[in-house]
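Heads up, structure.csv below (CSV, C-alpha atoms and all ligand atoms):
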```csv
chain,number,residue,atom,x,y,z
A,542,MET,CA,-90.0,-72.9,123.9
A,543,ARG,CA,-87.4,-71.3,121.5
A,544,GLU,CA,-83.8,-71.7,122.5
A,545,LYS,CA,-82.4,-68.2,123.4
A,546,GLY,CA,-79.4,-66.8,121.5
A,547,LEU,CA,-76.0,-66.2,123.0
A,548,LEU,CA,-75.0,-62.7,124.2
A,549,ILE,CA,-71.3,-62.4,123.1
A,550,VAL,CA,-69.4,-59.5,124.6
A,551,LEU,CA,-66.1,-58.6,123.0
A,552,SER,CA,-64.2,-56.1,125.1
A,553,GLY,CA,-60.7,-54.8,125.5
A,554,PRO,CA,-58.7,-51.6,125.4
A,555,SER,CA,-59.2,-48.9,122.8
A,556,GLY,CA,-57.1,-49.6,119.7
A,557,VAL,CA,-56.6,-53.3,120.3
A,558,GLY,CA,-58.5,-54.1,117.2
A,559,LYS,CA,-62.1,-54.9,118.4
A,560,GLY,CA,-63.7,-53.2,115.5
A,561,THR,CA,-61.3,-54.6,112.9
A,562,VAL,CA,-61.8,-58.2,114.3
A,563,ARG,CA,-65.6,-57.8,114.6
A,564,LYS,CA,-65.8,-56.5,111.0
A,565,ALA,CA,-63.7,-59.4,109.8
A,566,ILE,CA,-65.9,-61.9,111.6
A,567,PHE,CA,-69.1,-60.3,110.2
A,568,SER,CA,-67.7,-60.4,106.6
A,569,GLN,CA,-67.2,-64.2,106.7
A,570,PRO,CA,-69.9,-66.0,104.7
A,571,GLY,CA,-72.4,-67.7,106.9
A,572,THR,CA,-71.8,-65.6,110.1
A,573,ALA,CA,-75.0,-65.9,112.1
A,574,PHE,CA,-74.4,-63.1,114.7
A,575,GLU,CA,-76.3,-59.9,114.9
A,576,TYR,CA,-74.3,-56.8,115.8
A,577,SER,CA,-75.7,-54.4,118.4
A,578,ILE,CA,-75.0,-50.9,117.3
A,579,SER,CA,-74.1,-48.7,120.2
A,580,MET,CA,-75.1,-45.2,121.1
A,581,THR,CA,-72.5,-42.5,121.7
A,582,THR,CA,-72.1,-38.8,122.3
A,583,ARG,CA,-68.8,-38.8,120.5
A,584,LEU,CA,-68.7,-36.9,117.3
A,585,PRO,CA,-68.6,-39.1,114.1
A,586,ARG,CA,-65.1,-39.8,112.7
A,587,HIS,CA,-64.5,-39.3,109.0
A,588,GLY,CA,-66.5,-41.9,107.1
A,589,GLU,CA,-68.6,-43.0,110.1
A,590,VAL,CA,-72.3,-43.3,109.4
A,591,ASP,CA,-75.2,-42.7,111.9
A,592,GLY,CA,-77.1,-46.0,112.4
A,593,VAL,CA,-74.2,-48.1,111.0
A,594,ASP,CA,-71.2,-47.4,113.1
A,595,TYR,CA,-73.0,-45.8,116.0
A,596,PHE,CA,-76.3,-44.0,116.8
A,597,PHE,CA,-74.8,-40.5,117.4
A,598,LYS,CA,-76.6,-38.7,120.2
A,599,LYS,CA,-76.4,-35.3,121.9
A,600,ARG,CA,-75.5,-35.5,125.6
A,601,GLU,CA,-79.0,-34.6,126.8
A,602,GLU,CA,-80.5,-37.2,124.5
A,603,PHE,CA,-78.2,-39.8,125.9
A,604,GLU,CA,-79.0,-38.8,129.5
A,605,ALA,CA,-82.7,-39.0,128.8
A,606,LEU,CA,-82.2,-42.6,127.5
A,607,ILE,CA,-80.4,-43.5,130.7
A,608,LYS,CA,-83.3,-42.1,132.8
A,609,GLU,CA,-85.8,-44.0,130.7
A,610,GLY,CA,-84.0,-47.3,131.2
A,611,LYS,CA,-83.3,-47.8,127.5
A,612,LEU,CA,-79.7,-48.9,127.9
A,613,LEU,CA,-78.5,-52.3,129.0
A,614,GLU,CA,-75.2,-50.7,130.1
A,615,TYR,CA,-73.4,-47.4,129.6
A,616,ALA,CA,-70.1,-45.8,130.5
A,617,GLU,CA,-68.4,-42.5,130.2
A,618,PHE,CA,-65.1,-43.2,128.4
A,619,VAL,CA,-62.5,-40.4,128.0
A,620,GLY,CA,-65.2,-37.7,128.0
A,621,ASN,CA,-68.0,-39.3,126.0
A,622,TYR,CA,-70.9,-41.6,126.8
A,623,TYR,CA,-71.2,-45.0,125.1
A,624,GLY,CA,-74.1,-47.4,125.7
A,625,THR,CA,-76.0,-50.4,124.4
A,626,PRO,CA,-79.7,-50.2,123.5
A,627,VAL,CA,-81.4,-52.8,125.7
A,628,ASP,CA,-84.5,-53.5,123.5
A,629,TYR,CA,-82.5,-54.7,120.5
A,630,VAL,CA,-80.4,-57.0,122.6
A,631,ARG,CA,-83.4,-58.6,124.4
A,632,GLU,CA,-85.4,-59.0,121.1
A,633,THR,CA,-82.5,-60.6,119.3
A,634,ILE,CA,-81.7,-63.0,122.0
A,635,ASP,CA,-85.3,-63.9,122.5
A,636,SER,CA,-85.7,-64.6,118.8
A,637,GLY,CA,-82.9,-67.2,119.1
A,638,LYS,CA,-80.1,-65.3,117.4
A,639,ASP,CA,-76.7,-64.6,118.9
A,640,VAL,CA,-76.0,-60.9,119.5
A,641,PHE,CA,-72.5,-59.4,119.5
A,642,LEU,CA,-71.5,-56.4,121.6
A,643,GLU,CA,-68.2,-54.6,121.1
A,644,ILE,CA,-67.8,-52.4,124.3
A,645,GLU,CA,-65.3,-51.2,126.8
A,646,VAL,CA,-64.5,-52.8,130.1
A,647,GLN,CA,-66.8,-50.9,132.5
A,648,GLY,CA,-69.8,-51.6,130.3
A,649,ALA,CA,-68.8,-55.3,130.1
A,650,LYS,CA,-68.8,-55.5,133.9
A,651,GLN,CA,-72.4,-54.1,134.0
A,652,VAL,CA,-73.5,-56.6,131.3
A,653,ARG,CA,-71.9,-59.5,133.4
A,654,GLU,CA,-74.1,-58.4,136.4
A,655,LYS,CA,-77.3,-58.3,134.3
A,656,PHE,CA,-76.5,-61.3,132.0
A,657,PRO,CA,-74.1,-63.6,133.8
A,658,GLU,CA,-75.0,-66.3,131.2
A,659,GLY,CA,-73.3,-64.1,128.5
A,660,LEU,CA,-70.0,-65.1,126.8
A,661,PHE,CA,-67.3,-62.6,127.8
A,662,ILE,CA,-64.2,-62.3,125.6
A,663,PHE,CA,-61.3,-60.0,126.2
A,664,LEU,CA,-59.2,-59.0,123.2
A,665,ALA,CA,-55.6,-58.3,124.3
A,666,PRO,CA,-52.8,-56.6,122.5
A,667,PRO,CA,-49.4,-58.3,122.0
A,668,SER,CA,-47.9,-55.4,124.0
A,669,LEU,CA,-48.7,-51.9,125.3
A,670,THR,CA,-46.2,-50.5,122.8
A,671,GLU,CA,-48.0,-52.3,119.9
A,672,LEU,CA,-51.4,-51.0,121.4
A,673,GLU,CA,-50.2,-47.4,121.4
A,674,SER,CA,-48.7,-47.8,117.9
A,675,ARG,CA,-52.1,-49.1,116.6
A,676,ILE,CA,-54.0,-46.1,118.1
A,677,VAL,CA,-51.4,-43.7,116.7
A,678,THR,CA,-51.5,-45.4,113.2
A,679,ARG,CA,-55.3,-45.2,113.1
A,680,GLY,CA,-54.9,-41.5,113.1
A,681,THR,CA,-58.3,-40.7,114.7
A,682,GLU,CA,-57.2,-39.3,118.0
A,683,THR,CA,-55.4,-36.2,119.2
A,684,GLU,CA,-52.2,-36.7,121.2
A,685,GLU,CA,-54.1,-35.8,124.4
A,686,ALA,CA,-56.8,-38.3,123.6
A,687,ILE,CA,-54.2,-41.0,123.0
A,688,LYS,CA,-52.7,-40.4,126.4
A,689,GLY,CA,-56.1,-40.6,128.0
A,690,ARG,CA,-56.9,-43.9,126.1
A,691,MET,CA,-53.6,-45.4,127.0
A,692,LYS,CA,-54.1,-44.6,130.7
A,693,VAL,CA,-57.5,-46.3,130.7
A,694,ALA,CA,-56.0,-49.2,128.7
A,695,LYS,CA,-53.6,-50.1,131.5
A,696,GLU,CA,-56.5,-50.2,134.0
A,697,GLU,CA,-58.6,-52.3,131.6
A,698,ILE,CA,-55.8,-54.8,131.0
A,699,GLU,CA,-55.6,-55.5,134.7
A,700,LEU,CA,-59.2,-56.7,134.6
A,701,MET,CA,-58.8,-59.3,131.9
A,702,ASP,CA,-59.0,-62.1,134.5
A,703,LEU,CA,-62.7,-61.3,134.9
A,704,TYR,CA,-63.4,-62.7,131.4
A,705,ASP,CA,-64.3,-66.2,130.3
A,706,TYR,CA,-61.6,-66.0,127.6
A,707,VAL,CA,-58.7,-63.9,126.6
A,708,VAL,CA,-57.8,-63.7,122.9
A,709,GLU,CA,-54.6,-62.1,121.7
A,710,ASN,CA,-55.0,-60.0,118.6
A,711,ASP,CA,-51.6,-60.6,117.2
A,712,HIS,CA,-53.0,-61.2,113.7
A,713,VAL,CA,-56.6,-60.4,112.7
A,714,ASP,CA,-57.3,-63.8,111.0
A,715,ALA,CA,-55.9,-65.7,114.0
A,716,ALA,CA,-58.0,-63.7,116.5
A,717,CYS,CA,-61.2,-64.2,114.4
A,718,ALA,CA,-60.5,-68.0,114.2
A,719,ARG,CA,-60.1,-68.1,118.0
A,720,ILE,CA,-63.3,-66.2,118.6
A,721,ASN,CA,-65.3,-68.4,116.2
A,722,ALA,CA,-63.9,-71.5,117.9
A,723,ILE,CA,-64.9,-70.1,121.3
A,724,VAL,CA,-68.4,-69.4,120.2
A,725,ILE,CA,-68.8,-72.8,118.5
A,726,ALA,CA,-67.5,-74.5,121.7
A,727,GLU,CA,-69.9,-72.5,123.9
A,728,HIS,CA,-72.9,-73.5,121.7
A,729,CYS,CA,-71.9,-77.2,121.9
A,730,ARG,CA,-71.5,-76.9,125.7
A,731,ARG,CA,-74.9,-75.3,126.2
A,732,GLU,CA,-76.7,-77.6,123.7
A,733,ARG,CA,-75.2,-80.6,125.4
A,734,VAL,CA,-76.4,-79.4,128.8
A,735,ALA,CA,-79.9,-78.8,127.4
A,736,VAL,CA,-80.0,-82.2,125.7
A,737,LEU,CA,-78.9,-84.0,128.9
A,738,TYR,CA,-81.4,-82.1,131.0
A,739,LYS,CA,-84.2,-83.0,128.6
A,740,LYS,CA,-83.2,-86.7,128.6
A,741,MET,CA,-83.2,-86.6,132.4
A,742,LEU,CA,-86.7,-85.1,132.5
A,743,GLU,CA,-88.0,-87.7,130.0
A,744,ALA,CA,-86.5,-90.5,132.0
A,745,GLU,CA,-88.5,-89.5,135.1
A,801,LIG,N1,-53.9,-57.7,114.4
A,801,LIG,C1,-53.6,-56.5,114.1
A,801,LIG,N2,-52.4,-56.2,113.7
A,801,LIG,C2,-52.0,-54.9,113.3
A,801,LIG,N3,-52.9,-53.9,113.3
A,801,LIG,C3,-54.1,-54.1,113.7
A,801,LIG,C4,-54.6,-55.4,114.1
A,801,LIG,N4,-55.9,-55.3,114.5
A,801,LIG,C5,-56.3,-54.0,114.3
A,801,LIG,N5,-55.2,-53.3,113.8
A,801,LIG,C6,-55.2,-51.8,113.5
A,801,LIG,O1,-55.2,-51.2,114.8
A,801,LIG,C7,-56.0,-50.0,114.7
A,801,LIG,C8,-57.1,-50.0,115.8
A,801,LIG,O2,-58.0,-51.0,115.4
A,801,LIG,P1,-59.6,-50.8,115.8
A,801,LIG,O3,-60.1,-49.4,115.4
A,801,LIG,O4,-60.3,-52.0,115.2
A,801,LIG,O5,-59.5,-50.9,117.4
A,801,LIG,P2,-60.7,-50.8,118.5
A,801,LIG,O6,-60.3,-51.8,119.5
A,801,LIG,O7,-62.0,-51.1,117.8
A,801,LIG,O8,-60.6,-49.4,118.9
A,801,LIG,P3,-61.7,-48.5,119.7
A,801,LIG,O9,-62.0,-49.2,120.9
A,801,LIG,O10,-61.0,-47.2,119.9
A,801,LIG,O11,-62.9,-48.3,118.8
A,801,LIG,C9,-56.5,-49.9,113.3
A,801,LIG,O12,-55.7,-49.0,112.5
A,801,LIG,C10,-56.4,-51.3,112.8
A,801,LIG,O13,-56.2,-51.4,111.4
A,802,LIG,N1,-69.6,-49.4,127.5
A,802,LIG,C1,-69.6,-49.2,126.2
A,802,LIG,N2,-68.5,-49.0,125.4
A,802,LIG,C2,-68.6,-48.9,124.1
A,802,LIG,C3,-69.9,-49.0,123.5
A,802,LIG,N3,-69.7,-48.9,122.1
A,802,LIG,C4,-68.4,-48.7,122.0
A,802,LIG,N4,-67.7,-48.7,123.2
A,802,LIG,C5,-66.3,-48.6,123.4
A,802,LIG,O1,-65.9,-47.3,123.7
A,802,LIG,C6,-64.5,-47.1,123.4
A,802,LIG,C7,-64.3,-46.0,122.5
A,802,LIG,O2,-64.9,-46.1,121.3
A,802,LIG,P1,-64.4,-45.2,120.0
A,802,LIG,O3,-65.4,-45.7,118.9
A,802,LIG,O4,-64.6,-43.8,120.4
A,802,LIG,O5,-63.0,-45.5,119.7
A,802,LIG,C8,-64.1,-48.4,122.8
A,802,LIG,O6,-63.4,-49.3,123.7
A,802,LIG,C9,-65.4,-49.0,122.3
A,802,LIG,O7,-65.3,-50.5,122.2
A,802,LIG,C10,-71.0,-49.3,124.3
A,802,LIG,O8,-72.2,-49.4,123.8
A,802,LIG,N5,-70.8,-49.4,125.6
```
Once more with this new file: its structure as structure tokens, please.
Amino acid sequence: MREKGLLIVLSGPSGVGKGTVRKAIFSQPGTAFEYSISMTTRLPRHGEVDGVDYFFKKREEFEALIKEGKLLEYAEFVGNYYGTPVDYVRETIDSGKDVFLEIEVQGAKQVREKFPEGLFIFLAPPSLTELESRIVTRGTETEEAIKGRMKVAKEEIELMDLYDYVVENDHVDAACARINAIVIAEHCRRERVAVLYKKMLEAE
């Protein structure tokens, strides 16, 4: 039977740099992860492309997908729905490839319940002041939306203990290197367990 791929979940507060770090990891030569493109009811930001950054959906379309069971997880985050298409994740893992989700904390909790064997990484900011400064500098949110995201961020940071690993995003290159190291170590751990298990069966 083919070895299943890893489900890697990168989560953390809005503005911490999840997208920046994920794009940097995916731009490295030889990266073998597949990115799961999320669905959202949020309007596209300047430069965002449907089917690349997100699948942009109307609220009623998203609610129909929920009813049809097409989402592995979903959450309402500061007024918009966000969710992960389940078929893509299942097919990618079953084909032996690692799949990478970049999602907020409520969604990560749901994935943990359904896929406890996933690898859960929390990306943390150096400080709340730095976090706010990153959201402000990105220039994509209104003042009100920033307040909403910062309020949720404080609640999310309190849940970082639930993750397998916490990675500080002080510098993008350093955060990428830490995440790559975690994934390599996780593969070694699982392969080692699988090899030992096979050896034990053969010895019987
Ligand atoms: N290590 C870093 N040092 C300084 N700035 C950073 C760092 N990482 C990301 N940034 C900047 O912070 C801002 C937010 O980054 P990004 O959009 O990747 O965050 P995010 O966690 O994906 O946000 P969201 O969850 O809202 O999609 C961007 O302007 C980005 O350039
Ligand atoms: N639960 C989920 N959260 C998701 C998903 N895709 C993205 N996100 C997270 O939502 C917030 C806001 O995103 P933004 O693009 O509007 O800034 C952020 O934390 C994303 O990581 C998803 O499929 N499920």
*Got a sec: who's within 12 Å of segment 589-592 of chain A, counting all atoms listed in the file, leaving out chain neighbours fewer than 3 positions off, as a ChimeraX atom specification?*
/A:576-586,595-598,681
*Write as a list in words the residues around ligand LIG 801 (chain A), taking 7 Å as the cut-off and counting only C-alpha atoms and all ligand atoms.*
Gly553, Pro554, Ser555, Gly556, Val557, Gly558, Lys559, Gly560, Thr561, Val562, Arg675, Ile676, Thr678, Arg679, Asn710, Asp711, His712 and Val713 of chain A
Please report as a Markdown table every residue of chain A lying within 6 Å of ligand LIG 802 (chain A), along with the nearest atom pair and their distance in Å (one decimal), using all atoms listed in the file.
```
| residue | atom | partner | partner_atom | distance |
| --- | --- | --- | --- | --- |
| A:Pro554 | CA | A:LIG802 | O6 | 5.5 |
| A:Ser555 | CA | A:LIG802 | O6 | 4.3 |
| A:Ser579 | CA | A:LIG802 | O8 | 4.1 |
| A:Met580 | CA | A:LIG802 | O8 | 5.8 |
| A:Tyr615 | CA | A:LIG802 | N1 | 4.8 |
| A:Ala616 | CA | A:LIG802 | N1 | 4.7 |
| A:Tyr623 | CA | A:LIG802 | C10 | 4.4 |
| A:Gly624 | CA | A:LIG802 | O8 | 3.3 |
| A:Thr625 | CA | A:LIG802 | O8 | 4.0 |
| A:Glu643 | CA | A:LIG802 | O7 | 5.1 |
| A:Ile644 | CA | A:LIG802 | C2 | 3.6 |
| A:Glu645 | CA | A:LIG802 | O6 | 4.1 |
| A:Gln647 | CA | A:LIG802 | N1 | 5.9 |
| A:Gly648 | CA | A:LIG802 | N1 | 3.6 |
```
*Step by step: start from the point (-62.6, -63.2, 127.6) in the file's coordinates, keep every protein, DNA or RNA residue that has an atom no farther than 7 Å from it, count only C-alpha atoms, and write the set as a ChimeraX atom specification.*
/A:661-664,701,704-708
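A straight line drawn from atom CA of Asn621 of chain A to atom CA of Gln651 of chain A is 17.4 Å long.
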*Polymer residues at most 10 Å from segment 635-642 of chain A, only C-alpha atoms, same-chain spacing of 3 or more positions, as JSON, numbers by chain*: {"A": [543, 544, 545, 546, 547, 548, 549, 550, 551, 552, 563, 567, 573, 574, 575, 576, 577, 578, 579, 625, 629, 630, 631, 632, 645, 649, 652, 659, 660, 661, 724]}
Store the residues picked out above in a file with C-alpha atoms, as a PDB file, in the coordinates of the input.
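Final output, result_29.pdb:
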```
ATOM      1  CA  ARG A 543     -87.400 -71.300 121.500  1.00  0.00           C
ATOM      2  CA  GLU A 544     -83.800 -71.700 122.500  1.00  0.00           C
ATOM      3  CA  LYS A 545     -82.400 -68.200 123.400  1.00  0.00           C
ATOM      4  CA  GLY A 546     -79.400 -66.800 121.500  1.00  0.00           C
ATOM      5  CA  LEU A 547     -76.000 -66.200 123.000  1.00  0.00           C
ATOM      6  CA  LEU A 548     -75.000 -62.700 124.200  1.00  0.00           C
ATOM      7  CA  ILE A 549     -71.300 -62.400 123.100  1.00  0.00           C
ATOM      8  CA  VAL A 550     -69.400 -59.500 124.600  1.00  0.00           C
ATOM      9  CA  LEU A 551     -66.100 -58.600 123.000  1.00  0.00           C
ATOM     10  CA  SER A 552     -64.200 -56.100 125.100  1.00  0.00           C
ATOM     11  CA  ARG A 563     -65.600 -57.800 114.600  1.00  0.00           C
ATOM     12  CA  PHE A 567     -69.100 -60.300 110.200  1.00  0.00           C
ATOM     13  CA  ALA A 573     -75.000 -65.900 112.100  1.00  0.00           C
ATOM     14  CA  PHE A 574     -74.400 -63.100 114.700  1.00  0.00           C
ATOM     15  CA  GLU A 575     -76.300 -59.900 114.900  1.00  0.00           C
ATOM     16  CA  TYR A 576     -74.300 -56.800 115.800  1.00  0.00           C
ATOM     17  CA  SER A 577     -75.700 -54.400 118.400  1.00  0.00           C
ATOM     18  CA  ILE A 578     -75.000 -50.900 117.300  1.00  0.00           C
ATOM     19  CA  SER A 579     -74.100 -48.700 120.200  1.00  0.00           C
ATOM     20  CA  THR A 625     -76.000 -50.400 124.400  1.00  0.00           C
ATOM     21  CA  TYR A 629     -82.500 -54.700 120.500  1.00  0.00           C
ATOM     22  CA  VAL A 630     -80.400 -57.000 122.600  1.00  0.00           C
ATOM     23  CA  ARG A 631     -83.400 -58.600 124.400  1.00  0.00           C
ATOM     24  CA  GLU A 632     -85.400 -59.000 121.100  1.00  0.00           C
ATOM     25  CA  GLU A 645     -65.300 -51.200 126.800  1.00  0.00           C
ATOM     26  CA  ALA A 649     -68.800 -55.300 130.100  1.00  0.00           C
ATOM     27  CA  VAL A 652     -73.500 -56.600 131.300  1.00  0.00           C
ATOM     28  CA  GLY A 659     -73.300 -64.100 128.500  1.00  0.00           C
ATOM     29  CA  LEU A 660     -70.000 -65.100 126.800  1.00  0.00           C
ATOM     30  CA  PHE A 661     -67.300 -62.600 127.800  1.00  0.00           C
ATOM     31  CA  VAL A 724     -68.400 -69.400 120.200  1.00  0.00           C
TER      32      VAL A 724
END
```
*In Å, rounded to a single decimal, give me how far atom CA of Asp714 of chain A is from atom CA of Arg653 of chain A.*
27.1 Å
*To one decimal in Å, tell me the separation between atom CA of Ala686 of chain A and atom CA of Val619 of chain A.*
7.5 Å
_Need to verify the contact set: Gly610 of chain A, 12 Å, only C-alpha atoms, exclusion of same-chain residues closer than 2 positions in sequence. Can you return it as JSON, numbers by chain?_
{"A": [603, 604, 605, 606, 607, 608, 612, 613, 614, 615, 624, 625, 626, 627, 628]}
